[in-house]
Structure formats: structure tokens, C-alpha cells
$ cat structure.cif   # mmCIF, C-alpha atoms
data_coords
#
loop_
_atom_site.label_atom_id
_atom_site.label_comp_id
_atom_site.auth_asym_id
_atom_site.auth_seq_id
_atom_site.Cartn_x
_atom_site.Cartn_y
_atom_site.Cartn_z
CA MET A 9 23.17 -39.03 7.22
CA VAL A 10 20.18 -37.67 9.03
CA TYR A 11 18.39 -35.02 7.11
CA ARG A 12 18.39 -31.90 9.19
CA VAL A 13 16.69 -28.63 8.59
CA VAL A 14 17.47 -25.51 10.52
CA PHE A 15 15.12 -22.74 9.55
CA ALA A 16 16.53 -19.66 11.21
CA LEU A 17 18.58 -18.20 14.02
CA PHE A 18 17.63 -15.13 16.04
CA ILE A 19 19.81 -13.50 18.65
CA ILE A 20 18.04 -11.24 21.13
CA SER A 21 20.02 -8.84 23.30
CA LYS A 22 19.40 -8.64 27.01
CA ALA A 23 17.25 -5.56 26.44
CA GLY A 24 14.94 -7.44 24.10
CA GLY A 25 16.23 -6.08 20.80
CA LEU A 26 16.84 -8.32 17.83
CA ILE A 27 20.57 -8.09 17.13
CA TYR A 28 20.94 -10.93 14.64
CA ASN A 29 18.52 -12.60 12.30
CA ARG A 30 19.52 -15.18 9.77
CA GLU A 31 17.50 -17.55 7.67
CA PHE A 32 19.11 -20.79 6.53
CA HIS A 33 16.26 -22.65 4.88
CA ALA A 34 12.85 -21.53 3.73
CA GLY A 35 10.11 -22.85 5.97
CA LEU A 36 9.10 -19.98 8.18
CA SER A 37 6.92 -17.21 6.84
CA LYS A 38 8.68 -14.19 5.44
CA LEU A 39 8.09 -11.17 7.61
CA GLU A 40 9.01 -7.53 7.26
CA ALA A 41 11.99 -6.27 9.20
CA ASN A 42 9.73 -4.49 11.67
CA ASP A 43 7.72 -7.62 12.35
CA TYR A 44 10.85 -9.53 13.24
CA LEU A 45 11.64 -6.85 15.79
CA ILE A 46 8.13 -7.16 17.19
CA VAL A 47 8.40 -10.94 17.43
CA ALA A 48 11.73 -10.61 19.23
CA GLY A 49 10.35 -8.05 21.67
CA THR A 50 7.26 -10.16 22.33
CA PHE A 51 9.36 -13.21 22.95
CA HIS A 52 11.50 -11.28 25.40
CA GLY A 53 8.38 -10.51 27.43
CA ILE A 54 7.02 -14.04 27.12
CA HIS A 55 10.29 -15.42 28.39
CA ALA A 56 10.11 -13.25 31.51
CA ILE A 57 6.51 -14.32 32.18
CA THR A 58 7.28 -18.01 31.82
CA LYS A 59 9.84 -17.56 34.57
CA GLN A 60 7.28 -16.05 36.91
CA LEU A 61 4.67 -18.72 36.30
CA CYS A 62 6.84 -21.49 37.70
CA PRO A 63 4.37 -23.66 39.67
CA ALA A 64 6.95 -25.71 41.55
CA ALA A 65 9.60 -24.39 43.86
CA ALA A 66 12.81 -23.89 41.97
CA ALA A 67 15.86 -25.82 43.05
CA PRO A 68 16.78 -24.95 46.65
CA THR A 69 18.70 -21.73 47.03
CA PRO A 70 22.12 -21.91 48.65
CA PRO A 71 21.86 -20.00 51.96
CA ALA A 72 24.66 -17.60 51.04
CA ILE A 73 22.52 -16.04 48.32
CA THR A 74 19.65 -15.15 50.63
CA THR A 75 21.75 -12.46 52.30
CA PRO A 76 21.60 -9.19 50.36
CA SER A 77 24.64 -8.57 48.26
CA LEU A 78 25.32 -6.22 45.40
CA ALA A 79 27.16 -8.67 43.22
CA PRO A 80 25.00 -10.77 40.91
CA SER A 81 24.80 -14.28 42.22
CA PRO A 82 27.13 -16.68 40.45
CA PHE A 83 24.84 -19.64 41.18
CA PRO A 84 21.46 -18.77 39.77
CA SER A 85 18.76 -21.13 40.95
CA ARG A 86 15.90 -19.07 39.65
CA PRO A 87 13.48 -20.52 37.13
CA SER A 88 14.96 -20.97 33.69
CA GLY A 89 12.17 -19.58 31.55
CA LEU A 90 11.04 -20.96 28.23
CA GLU A 91 13.46 -23.48 26.74
CA VAL A 92 11.60 -25.32 23.99
CA LEU A 93 8.52 -24.18 22.13
CA GLU A 94 6.70 -26.66 19.94
CA THR A 95 4.18 -25.85 17.27
CA GLN A 96 2.83 -27.89 14.40
CA ASN A 97 5.26 -26.48 11.84
CA PHE A 98 8.43 -25.79 13.79
CA ARG A 99 10.29 -26.28 17.03
CA MET A 100 12.08 -23.41 18.68
CA GLN A 101 14.89 -23.88 21.13
CA CYS A 102 15.86 -20.96 23.32
CA PHE A 103 19.22 -20.73 25.01
CA GLN A 104 19.91 -17.89 27.40
CA THR A 105 23.49 -17.07 28.28
CA GLN A 106 24.57 -15.93 31.74
CA THR A 107 24.57 -12.35 30.48
CA GLY A 108 20.99 -12.51 29.27
CA VAL A 109 21.54 -12.83 25.53
CA LYS A 110 19.00 -15.23 24.04
CA PHE A 111 19.66 -17.49 21.07
CA LEU A 112 16.55 -18.77 19.31
CA LEU A 113 17.02 -21.63 16.90
CA PHE A 114 14.08 -22.57 14.70
CA THR A 115 14.18 -26.12 13.39
CA GLU A 116 11.94 -28.84 12.07
CA PRO A 117 9.57 -30.26 14.70
CA HIS A 118 11.52 -33.50 15.18
CA GLN A 119 15.08 -32.29 14.85
CA PRO A 120 17.56 -34.18 17.03
CA ASN A 121 20.64 -32.77 18.77
CA VAL A 122 19.60 -29.15 18.86
CA ASP A 123 21.52 -28.75 22.12
CA THR A 124 24.88 -29.53 20.56
CA MET A 125 24.09 -27.29 17.64
CA MET A 126 23.24 -24.48 20.02
CA ARG A 127 26.49 -24.95 21.92
CA ARG A 128 28.46 -24.78 18.69
CA ILE A 129 26.65 -21.59 17.67
CA TYR A 130 27.42 -20.09 21.07
CA GLU A 131 31.08 -20.94 20.54
CA LEU A 132 31.04 -19.24 17.15
CA TYR A 133 29.40 -16.22 18.77
CA ALA A 134 32.03 -16.10 21.48
CA ASP A 135 34.87 -16.48 18.99
CA TYR A 136 33.79 -14.23 16.16
CA VAL A 137 31.46 -11.70 17.74
CA MET A 138 32.56 -11.17 21.32
CA LYS A 139 36.26 -11.30 20.45
CA ASN A 140 35.81 -8.89 17.57
CA PRO A 141 37.31 -5.58 18.73
CA PHE A 142 35.06 -3.58 16.39
CA TYR A 143 31.83 -5.00 17.75
CA THR A 144 29.87 -2.92 20.26
CA VAL A 145 27.73 -4.97 22.61
CA GLU A 146 23.95 -4.69 22.29
CA MET A 147 24.34 -3.56 18.69
CA PRO A 148 23.29 -5.53 15.59
CA ILE A 149 25.87 -8.17 14.74
CA ARG A 150 27.63 -7.57 11.45
CA CYS A 151 30.58 -9.90 11.49
CA GLU A 152 31.40 -11.64 8.27
CA LYS A 153 33.36 -14.40 9.94
CA PHE A 154 30.41 -15.24 12.16
CA ASP A 155 28.15 -15.44 9.11
CA ARG A 156 30.58 -17.68 7.29
CA GLY A 157 31.12 -19.84 10.36
CA LEU A 158 27.39 -20.37 10.70
CA ASP A 159 27.03 -21.10 7.01
CA GLY A 160 29.77 -23.68 7.08
CA PHE A 161 28.45 -25.27 10.23
CA VAL A 162 24.79 -25.41 9.33
CA LYS A 163 25.30 -26.38 5.70
CA VAL A 164 27.77 -29.11 6.50
CA ARG A 165 25.28 -30.57 8.90
CA SER A 166 22.19 -30.31 6.77
CA MET B 23 4.06 -37.30 36.19
CA ILE B 24 3.15 -34.34 38.34
CA LEU B 25 0.13 -32.28 37.40
CA TYR B 26 0.14 -28.69 38.61
CA SER B 27 -2.88 -26.93 37.22
CA PHE B 28 -5.57 -26.84 34.58
CA TYR B 29 -7.39 -23.86 33.07
CA ILE B 30 -10.21 -23.26 30.59
CA PHE B 31 -10.51 -19.88 28.88
CA ASP B 32 -13.50 -18.84 26.80
CA ARG B 33 -13.42 -16.75 23.65
CA HIS B 34 -13.92 -13.56 25.65
CA THR B 35 -10.48 -14.08 27.24
CA GLU B 36 -12.07 -14.95 30.54
CA CYS B 37 -10.93 -17.83 32.71
CA ILE B 38 -14.07 -19.93 33.18
CA TYR B 39 -12.53 -22.79 35.07
CA SER B 40 -9.32 -23.36 36.95
CA ARG B 41 -8.12 -26.16 39.10
CA LYS B 42 -4.87 -26.62 40.96
CA TRP B 43 -3.13 -29.67 42.27
CA ASN B 44 0.02 -29.91 44.42
CA THR B 45 1.36 -26.48 43.44
CA ARG B 46 4.17 -24.90 45.42
CA PRO B 47 4.94 -28.08 47.35
CA ILE B 48 7.42 -27.49 50.15
CA SER B 49 8.62 -23.94 50.44
CA SER B 50 12.00 -23.68 52.09
CA SER B 51 11.73 -21.81 55.42
CA THR B 52 10.41 -18.63 53.80
CA LYS B 53 6.76 -18.18 52.89
CA SER B 54 7.35 -17.65 49.21
CA ALA B 55 8.39 -20.68 47.25
CA ARG B 56 10.41 -18.54 44.90
CA PRO B 57 14.11 -18.23 45.47
CA GLN B 58 15.04 -15.18 47.49
CA SER B 59 17.90 -12.98 46.58
CA GLY B 60 18.85 -9.51 47.57
CA VAL B 61 19.72 -8.46 44.06
CA SER B 62 16.93 -6.50 42.46
CA ILE B 63 18.22 -6.44 38.91
CA THR B 64 20.37 -9.39 37.95
CA SER B 65 22.78 -9.59 35.10
CA ASN B 66 20.03 -11.12 32.99
CA GLY B 67 18.02 -7.97 33.29
CA ASP B 68 15.33 -9.79 35.26
CA VAL B 69 13.64 -8.32 38.24
CA ALA B 70 14.52 -10.71 41.02
CA PRO B 71 11.53 -12.66 42.33
CA ALA B 72 12.20 -11.43 45.86
CA THR B 73 10.70 -8.07 45.01
CA ARG B 74 7.48 -9.61 43.78
CA LYS B 75 4.61 -10.88 45.89
CA ALA B 76 3.01 -14.21 45.12
CA LEU B 77 0.31 -13.80 42.53
CA SER B 78 -3.32 -14.31 43.32
CA LYS B 79 -5.23 -17.03 41.51
CA GLU B 80 -6.91 -14.60 39.10
CA ASP B 81 -3.64 -12.90 38.26
CA ASP B 82 -2.07 -16.24 37.49
CA ALA B 83 -4.91 -17.07 35.12
CA LYS B 84 -4.66 -13.70 33.38
CA LEU B 85 -0.93 -14.08 32.99
CA ILE B 86 -1.35 -17.54 31.49
CA PHE B 87 -3.99 -16.31 29.09
CA GLY B 88 -1.81 -13.44 27.91
CA LEU B 89 1.12 -15.77 27.50
CA VAL B 90 -0.78 -18.38 25.54
CA PHE B 91 -2.36 -15.72 23.37
CA SER B 92 1.00 -14.16 22.46
CA LEU B 93 2.59 -17.53 21.80
CA ARG B 94 -0.27 -18.50 19.56
CA ASN B 95 0.08 -15.28 17.59
CA MET B 96 3.82 -15.71 17.38
CA ALA B 97 3.44 -19.26 16.06
CA GLN B 98 0.98 -18.09 13.44
CA LYS B 99 3.20 -15.23 12.38
CA LEU B 100 6.28 -17.37 11.92
CA GLY B 101 4.85 -20.73 10.96
CA GLY B 102 2.03 -19.57 8.69
CA GLU B 103 -1.70 -19.23 9.19
CA ASP B 104 -2.32 -22.95 9.65
CA ASP B 105 0.28 -23.32 12.37
CA SER B 106 -0.78 -23.77 15.96
CA PHE B 107 1.11 -23.65 19.18
CA LEU B 108 1.25 -27.02 20.99
CA CYS B 109 3.30 -26.71 24.12
CA TYR B 110 6.38 -25.19 25.67
CA ARG B 111 8.82 -26.43 28.24
CA THR B 112 11.04 -24.66 30.75
CA GLY B 113 13.54 -26.17 33.17
CA GLU B 114 10.78 -26.52 35.78
CA TYR B 115 7.47 -27.16 34.09
CA LYS B 116 5.71 -27.76 30.82
CA LEU B 117 2.60 -26.05 29.51
CA HIS B 118 0.24 -27.94 27.19
CA TYR B 119 -2.26 -26.14 25.04
CA TYR B 120 -5.33 -27.15 23.06
CA GLU B 121 -7.73 -24.84 21.29
CA THR B 122 -11.14 -25.92 20.02
CA PRO B 123 -12.61 -24.51 16.79
CA THR B 124 -14.83 -22.30 18.95
CA ARG B 125 -11.71 -20.74 20.44
CA LEU B 126 -12.14 -22.35 23.78
CA LYS B 127 -8.64 -22.74 25.20
CA PHE B 128 -7.55 -25.61 27.41
CA VAL B 129 -4.26 -25.23 29.26
CA MET B 130 -2.48 -27.71 31.48
CA LEU B 131 0.71 -27.32 33.49
CA THR B 132 2.74 -30.40 34.33
CA ASP B 133 6.30 -31.19 35.32
CA HIS B 134 8.86 -30.67 32.58
CA GLY B 135 9.47 -34.31 31.75
CA ALA B 136 5.88 -35.08 30.85
CA LYS B 137 4.86 -36.30 27.41
CA THR B 138 2.58 -34.16 25.37
CA GLN B 139 -0.92 -34.00 26.87
CA ARG B 140 -2.70 -32.55 23.89
CA SER B 141 -4.83 -35.64 23.38
CA ALA B 142 -5.75 -35.62 27.07
CA LEU B 143 -6.88 -32.02 26.73
CA HIS B 144 -8.86 -32.95 23.65
CA GLN B 145 -10.53 -35.76 25.60
CA ILE B 146 -11.36 -33.47 28.49
CA TRP B 147 -13.09 -31.22 26.01
CA ALA B 148 -14.91 -33.97 24.11
CA LEU B 149 -15.80 -36.31 26.96
CA LEU B 150 -16.27 -33.97 29.88
CA TYR B 151 -16.83 -30.40 28.80
CA VAL B 152 -19.19 -31.19 25.96
CA GLU B 153 -21.06 -33.85 27.93
CA TYR B 154 -21.48 -32.09 31.26
CA VAL B 155 -21.30 -28.40 30.44
CA VAL B 156 -22.48 -27.89 26.87
CA LYS B 157 -25.22 -30.50 27.03
CA ASN B 158 -26.41 -29.38 30.44
CA PRO B 159 -29.82 -27.72 29.88
CA LEU B 160 -29.41 -25.61 33.02
CA SER B 161 -26.08 -24.09 32.04
CA PRO B 162 -26.01 -20.82 30.07
CA VAL B 163 -24.56 -20.61 26.56
CA GLU B 164 -21.75 -18.35 27.67
CA HIS B 165 -20.14 -18.74 31.05
CA PRO B 166 -19.35 -15.30 32.43
CA GLY B 167 -17.42 -15.73 35.65
CA GLY B 168 -17.42 -19.47 35.17
CA ILE B 169 -21.16 -20.01 35.82
CA GLY B 170 -22.22 -23.52 34.90
CA VAL B 171 -18.78 -24.94 34.25
CA ALA B 172 -17.77 -26.09 37.71
CA ASN B 173 -20.77 -28.37 38.26
CA VAL B 174 -20.53 -31.57 40.25
CA MET B 175 -20.53 -33.91 37.27
CA PHE B 176 -17.76 -32.04 35.48
CA GLU B 177 -15.57 -31.82 38.56
CA GLN B 178 -16.04 -35.50 39.41
CA GLY B 179 -15.42 -36.45 35.81
CA LEU B 180 -12.26 -34.36 35.73
CA ASP B 181 -10.98 -35.91 38.94
CA ALA B 182 -11.64 -39.40 37.65
CA PHE B 183 -10.06 -38.61 34.28
CA VAL B 184 -6.95 -37.20 35.90
CA GLU B 185 -6.62 -40.23 38.18
CA ARG B 186 -7.16 -42.69 35.38
CA VAL B 187 -5.53 -41.19 32.31
CA VAL B 188 -3.30 -38.22 33.00
CA LEU B 189 -1.36 -39.25 36.09
CA PRO B 190 -0.39 -42.84 35.08
CA THR B 191 1.34 -41.70 31.87
#
$ encode --input "structure.cif" --output "C-alpha cells"
Amino acid sequence: MVYRVVFALFIISKAGGLIYNREFHAGLSKLEANDYLIVAGTFHGIHAITKQLCPAAAAPTPPAITTPSLAPSPFPSRPSGLEVLETQNFRMQCFQTQTGVKFLLFTEPHQPNVDTMMRRIYELYADYVMKNPFYTVEMPIRCEKFDRGLDGFVKVRS
Amino acid sequence: MILYSFYIFDRHTECIYSRKWNTRPISSSTKSARPQSGVSITSNGDVAPATRKALSKEDDAKLIFGLVFSLRNMAQKLGGEDDSFLCYRTGEYKLHYYETPTRLKFVMLTDHGAKTQRSALHQIWALLYVEYVVKNPLSPVEHPGGIGVANVMFEQGLDAFVERVVLPT
């Protein structure tokens, strides 16, 4: 069994607010609640800038999209923005959903299979958060089943 | 590997050297290489690139500095004081970062599949910058506006280094 360490999971709403913050293993510095909000907000801005800096032309745009339309394009070919951030002590994978919610997963620097883990977390989010009738979008996530699902998933794996 | 650009920033947040290679290769019919779309605010909350003009060279450098600075702070906040930011990758490109103890920042943009170029950046600093810029008796100690950095030896050395070391990997 490969030893895996997942440090933490952040979920950032499309407005840049931190709506979920969970630590699984110690490894990242402990911050105050306000600082986490600041980090999330900063990252939201960074993500937008990394999209703009794209030095190469993004994948060719289908001609239909170039005509003005009010509906959001279903085939986005715009730059993806930051996906993986590597530092000496951790690796951060960012996954942005079609609706602009960002999942940040902090792991060990050489963690394999973060993509599959991310997909599974997204499934849990869809099942236990989005399908929860008492959850208001853009609000902090307080769903016990989501917490337990994550616990089971991450602990079984690590 | 495709190399897009290379920047040096000094400790006063100023861009003292920048160099671009094959950026914005073939733009499709329109002038701007960015995808055009009529939607101004997309579902992601982004401002669509269509509304934005292409950035000038200086603006690009400022944006990169701000970005690298925030990422460095973020890495230190979360990973502890001794942590340092190494690189990030998007779907289109990868940014490599190296900071010297004197807070000189070296940044390189390559295509997203490239291996980490941190050692290459370190070599550029040690073999080229120190040799041809720091040890140059005619160059000032600080380089406001990039004076003394873009000398012939440094530029030739950089070209040769890129040809020999960076591109073949």
C-alpha cells in the first residue's frame, strides 16, 4: 500500500469566498480563520491572473462561439488557469468546476493519483452538498454526510 | 520543449531583464491570440478575454511579478517559513521560479509538459548573471530600468545556454 498523505481540502466559491476548509493530516501551518479567508481570496485572484498570462494561443475556438450570444458557451476553450502548484513542502492541485467552484487539495509533494482523488471528492460534493435541500449555494458547507464521506474516503486511502 | 519567456526581477520589484521567444504563435484570423467570445461574464465569473486588450510588455512583467510574489507569500503562509514556491502549471503553460538569497527572482515560462527548470534558472544565475553582470566593472550595483543587465555577453550567453541546455530537455 502506498503511503499517502492528504493535508487539507479547501473549497472556494465562484465569488472567491472560502466555503469549506478541512484538515486531514498535520503538515501545513496552522492559520487563524481570517488568514484562511485571505489565502482563499488571494488564490482566487491568482487563478484569474494565471489565465490572462497564457503565452500561447489557447485551443482554437469553434466558430459558433465567436458570434455574440447571451448564453454561456458550453465549450469553453479559454485558458484553464492554475492547475498544479508545487512548493518544497506541499503540492496543491486545483480543480475548477464548470460553475466556477474551485477545489484545492493540498498533498505531499510526490503524491500520485491526485486526479482520481479529486474526482471522487467532486462526486461526494455533488451527492452530499449539492443534493442537500437545506444547503444554500455560495454559503459555507455544513453537511455532516459530506464530512463523513471525506473522512471515510481519505482515511481508507491513507 | 517550447520556451516562451524569461524574466529577472530585482529586490525593488522592478523587472530588470525580460526576453521573449515564440510567444503567441499563430493567431487565428483575429489579431488577438486569445479566444473571442461575446459573453462578458461567463458562468465562472471570469471577465471574458474579448473585452481585454493585449497587455504591453511592461504590464505582463508587472503581472508576473505580482503573481509570483503572492504565490511565494501563500506558500510561506501555508507551508511554513522555510517553504518556497517552485513552479505552477496550467493547461497551457508552466511557470518556473527561482529566487536567490539576495531576493533576485528568476522566472521562466515554458509549455506545460516541461520538466522542472529550477536548476537551469540556478545555472543562468550562477554562470551568466554573476559572471557577466555582477562581475562587470562597468555595470552599476543596482540596475534601475535594467541598466547593465542586457549587455552583449549576457545576451549571447543566454542564447547559447538556451540552445544548449534548456531546449534539448
$ resolve_selection --input "structure.cif" --expression "the PyMOL selection byres ((chain B and resi 95) around 12)" --output "list of chain:residue names"
A:Ile46, A:Val47, A:Thr50, A:Phe51, A:Ile54, A:Thr95, B:Gly88, B:Leu89, B:Val90, B:Phe91, B:Ser92, B:Leu93, B:Arg94, B:Met96, B:Ala97, B:Gln98, B:Lys99, B:Leu100, B:Gly101, B:Gly102, B:Glu103, B:Asp104, B:Asp105, B:Ser106, B:Phe107
$ closest_residue --input "structure.cif" --among "A:Arg86, A:Arg30, A:His52, A:Arg127" --to "chain B" --atoms "only C-alpha atoms"
A:Arg86
$ atom_distance --input "structure.cif" --atom1 "atom CA of A:Leu158" --atom2 "atom CA of A:Asn97"
23.0 Å
$ atom_distance --input "structure.cif" --atom1 "atom CA of B:Val155" --atom2 "atom CA of B:Gly170"
6.7 Å
$ resolve_selection --input "structure.cif" --expression "the PyMOL selection byres ((chain A and resi 103) around 10)" --output "list in words"
Ile19, Ser88, Gly89, Leu90, Glu91, Val92, Met100, Gln101, Cys102, Gln104, Thr105, Gln106, Gly108, Val109, Lys110, Phe111, Leu112, Leu113, Asp123, Met126, Arg127 and Tyr130 of chain A
$ resolve_selection --input "structure.cif" --expression "the PyMOL selection byres ((chain B and resi 175) around 12)" --output "PyMOL selection string"
chain B and resi 149-155+157-158+170-174+176-183
$ residues_around --input "structure.cif" --residues "A:Val162" --least-positions-apart "3" --cutoff "12 Å" --atoms "only C-alpha atoms" --output "short mmCIF file (atom, residue, chain, number, x, y, z; two decimals) with C-alpha atoms, in the coordinates of the input"
data_model
loop_
_atom_site.label_atom_id
_atom_site.label_comp_id
_atom_site.auth_asym_id
_atom_site.auth_seq_id
_atom_site.Cartn_x
_atom_site.Cartn_y
_atom_site.Cartn_z
CA TYR A 11 18.39 -35.02 7.11
CA ARG A 12 18.39 -31.90 9.19
CA VAL A 13 16.69 -28.63 8.59
CA VAL A 14 17.47 -25.51 10.52
CA PHE A 15 15.12 -22.74 9.55
CA ALA A 16 16.53 -19.66 11.21
CA LEU A 17 18.58 -18.20 14.02
CA ARG A 30 19.52 -15.18 9.77
CA GLU A 31 17.50 -17.55 7.67
CA PHE A 32 19.11 -20.79 6.53
CA HIS A 33 16.26 -22.65 4.88
CA LEU A 113 17.02 -21.63 16.90
CA THR A 115 14.18 -26.12 13.39
CA VAL A 122 19.60 -29.15 18.86
CA THR A 124 24.88 -29.53 20.56
CA MET A 125 24.09 -27.29 17.64
CA MET A 126 23.24 -24.48 20.02
CA ARG A 128 28.46 -24.78 18.69
CA ILE A 129 26.65 -21.59 17.67
CA LEU A 132 31.04 -19.24 17.15
CA PHE A 154 30.41 -15.24 12.16
CA ASP A 155 28.15 -15.44 9.11
CA ARG A 156 30.58 -17.68 7.29
CA GLY A 157 31.12 -19.84 10.36
CA LEU A 158 27.39 -20.37 10.70
CA ASP A 159 27.03 -21.10 7.01
CA ARG A 165 25.28 -30.57 8.90
CA SER A 166 22.19 -30.31 6.77
#
$ residues_near_point --input "structure.cif" --point "(-7.1, -37.4, 30.0)" --cutoff "9 Å" --atoms "all atoms listed in the file" --output "ChimeraX atom specification"
/B:139-146,180,183-189
$ closest_residue --input "structure.cif" --among "A:Gly25, A:Phe142, A:Arg150, A:Leu93" --to "chain B" --atoms "all atoms listed in the file"
A:Leu93
$ closest_residue --input "structure.cif" --among "A:Pro63, A:Gly49, A:Ile27, A:Lys153" --to "chain B" --atoms "only C-alpha atoms"
A:Pro63
$ atom_distance --input "structure.cif" --atom1 "atom CA of B:Thr132" --atom2 "atom CA of B:Tyr26"
5.3 Å
$ closest_residue --input "structure.cif" --among "A:His118, A:His55, A:Lys139, A:Lys163" --to "chain B" --atoms "only C-alpha atoms"
A:His55
$ closest_residue --input "structure.cif" --among "B:Asp32, B:Glu121, B:Asp133, B:Glu164" --to "chain A" --atoms "all atoms listed in the file"
B:Asp133
$ closest_residue --input "structure.cif" --among "A:Cys151, A:Pro120, A:Glu146, A:Gln96" --to "B:Tyr120" --atoms "only C-alpha atoms"
A:Gln96
$ axis_aligned_box --input "structure.cif" --around "stretch 22-30 of chain A" --padding-each-side "4 Å" --output "lines of an AutoDock Vina configuration file"
center_x = 17.9
center_y = -10.4
center_z = 18.4
size_x = 14.0
size_y = 17.6
size_z = 25.2
$ residues_around --input "structure.cif" --residues "B:Tyr39" --least-positions-apart "6" --cutoff "9 Å" --atoms "all atoms listed in the file" --output "PyMOL selection string"
chain B and resi 28-31+167-168+171-172
$ write_last_selection --input "structure.cif" --atoms "C-alpha atoms" --output "mmCIF file, in the frame of the given file"
data_model
loop_
_atom_site.group_PDB
_atom_site.id
_atom_site.type_symbol
_atom_site.label_atom_id
_atom_site.label_comp_id
_atom_site.auth_asym_id
_atom_site.auth_seq_id
_atom_site.Cartn_x
_atom_site.Cartn_y
_atom_site.Cartn_z
ATOM 1 C CA PHE B 28 -5.570 -26.840 34.580
ATOM 2 C CA TYR B 29 -7.390 -23.860 33.070
ATOM 3 C CA ILE B 30 -10.210 -23.260 30.590
ATOM 4 C CA PHE B 31 -10.510 -19.880 28.880
ATOM 5 C CA GLY B 167 -17.420 -15.730 35.650
ATOM 6 C CA GLY B 168 -17.420 -19.470 35.170
ATOM 7 C CA VAL B 171 -18.780 -24.940 34.250
ATOM 8 C CA ALA B 172 -17.770 -26.090 37.710
#
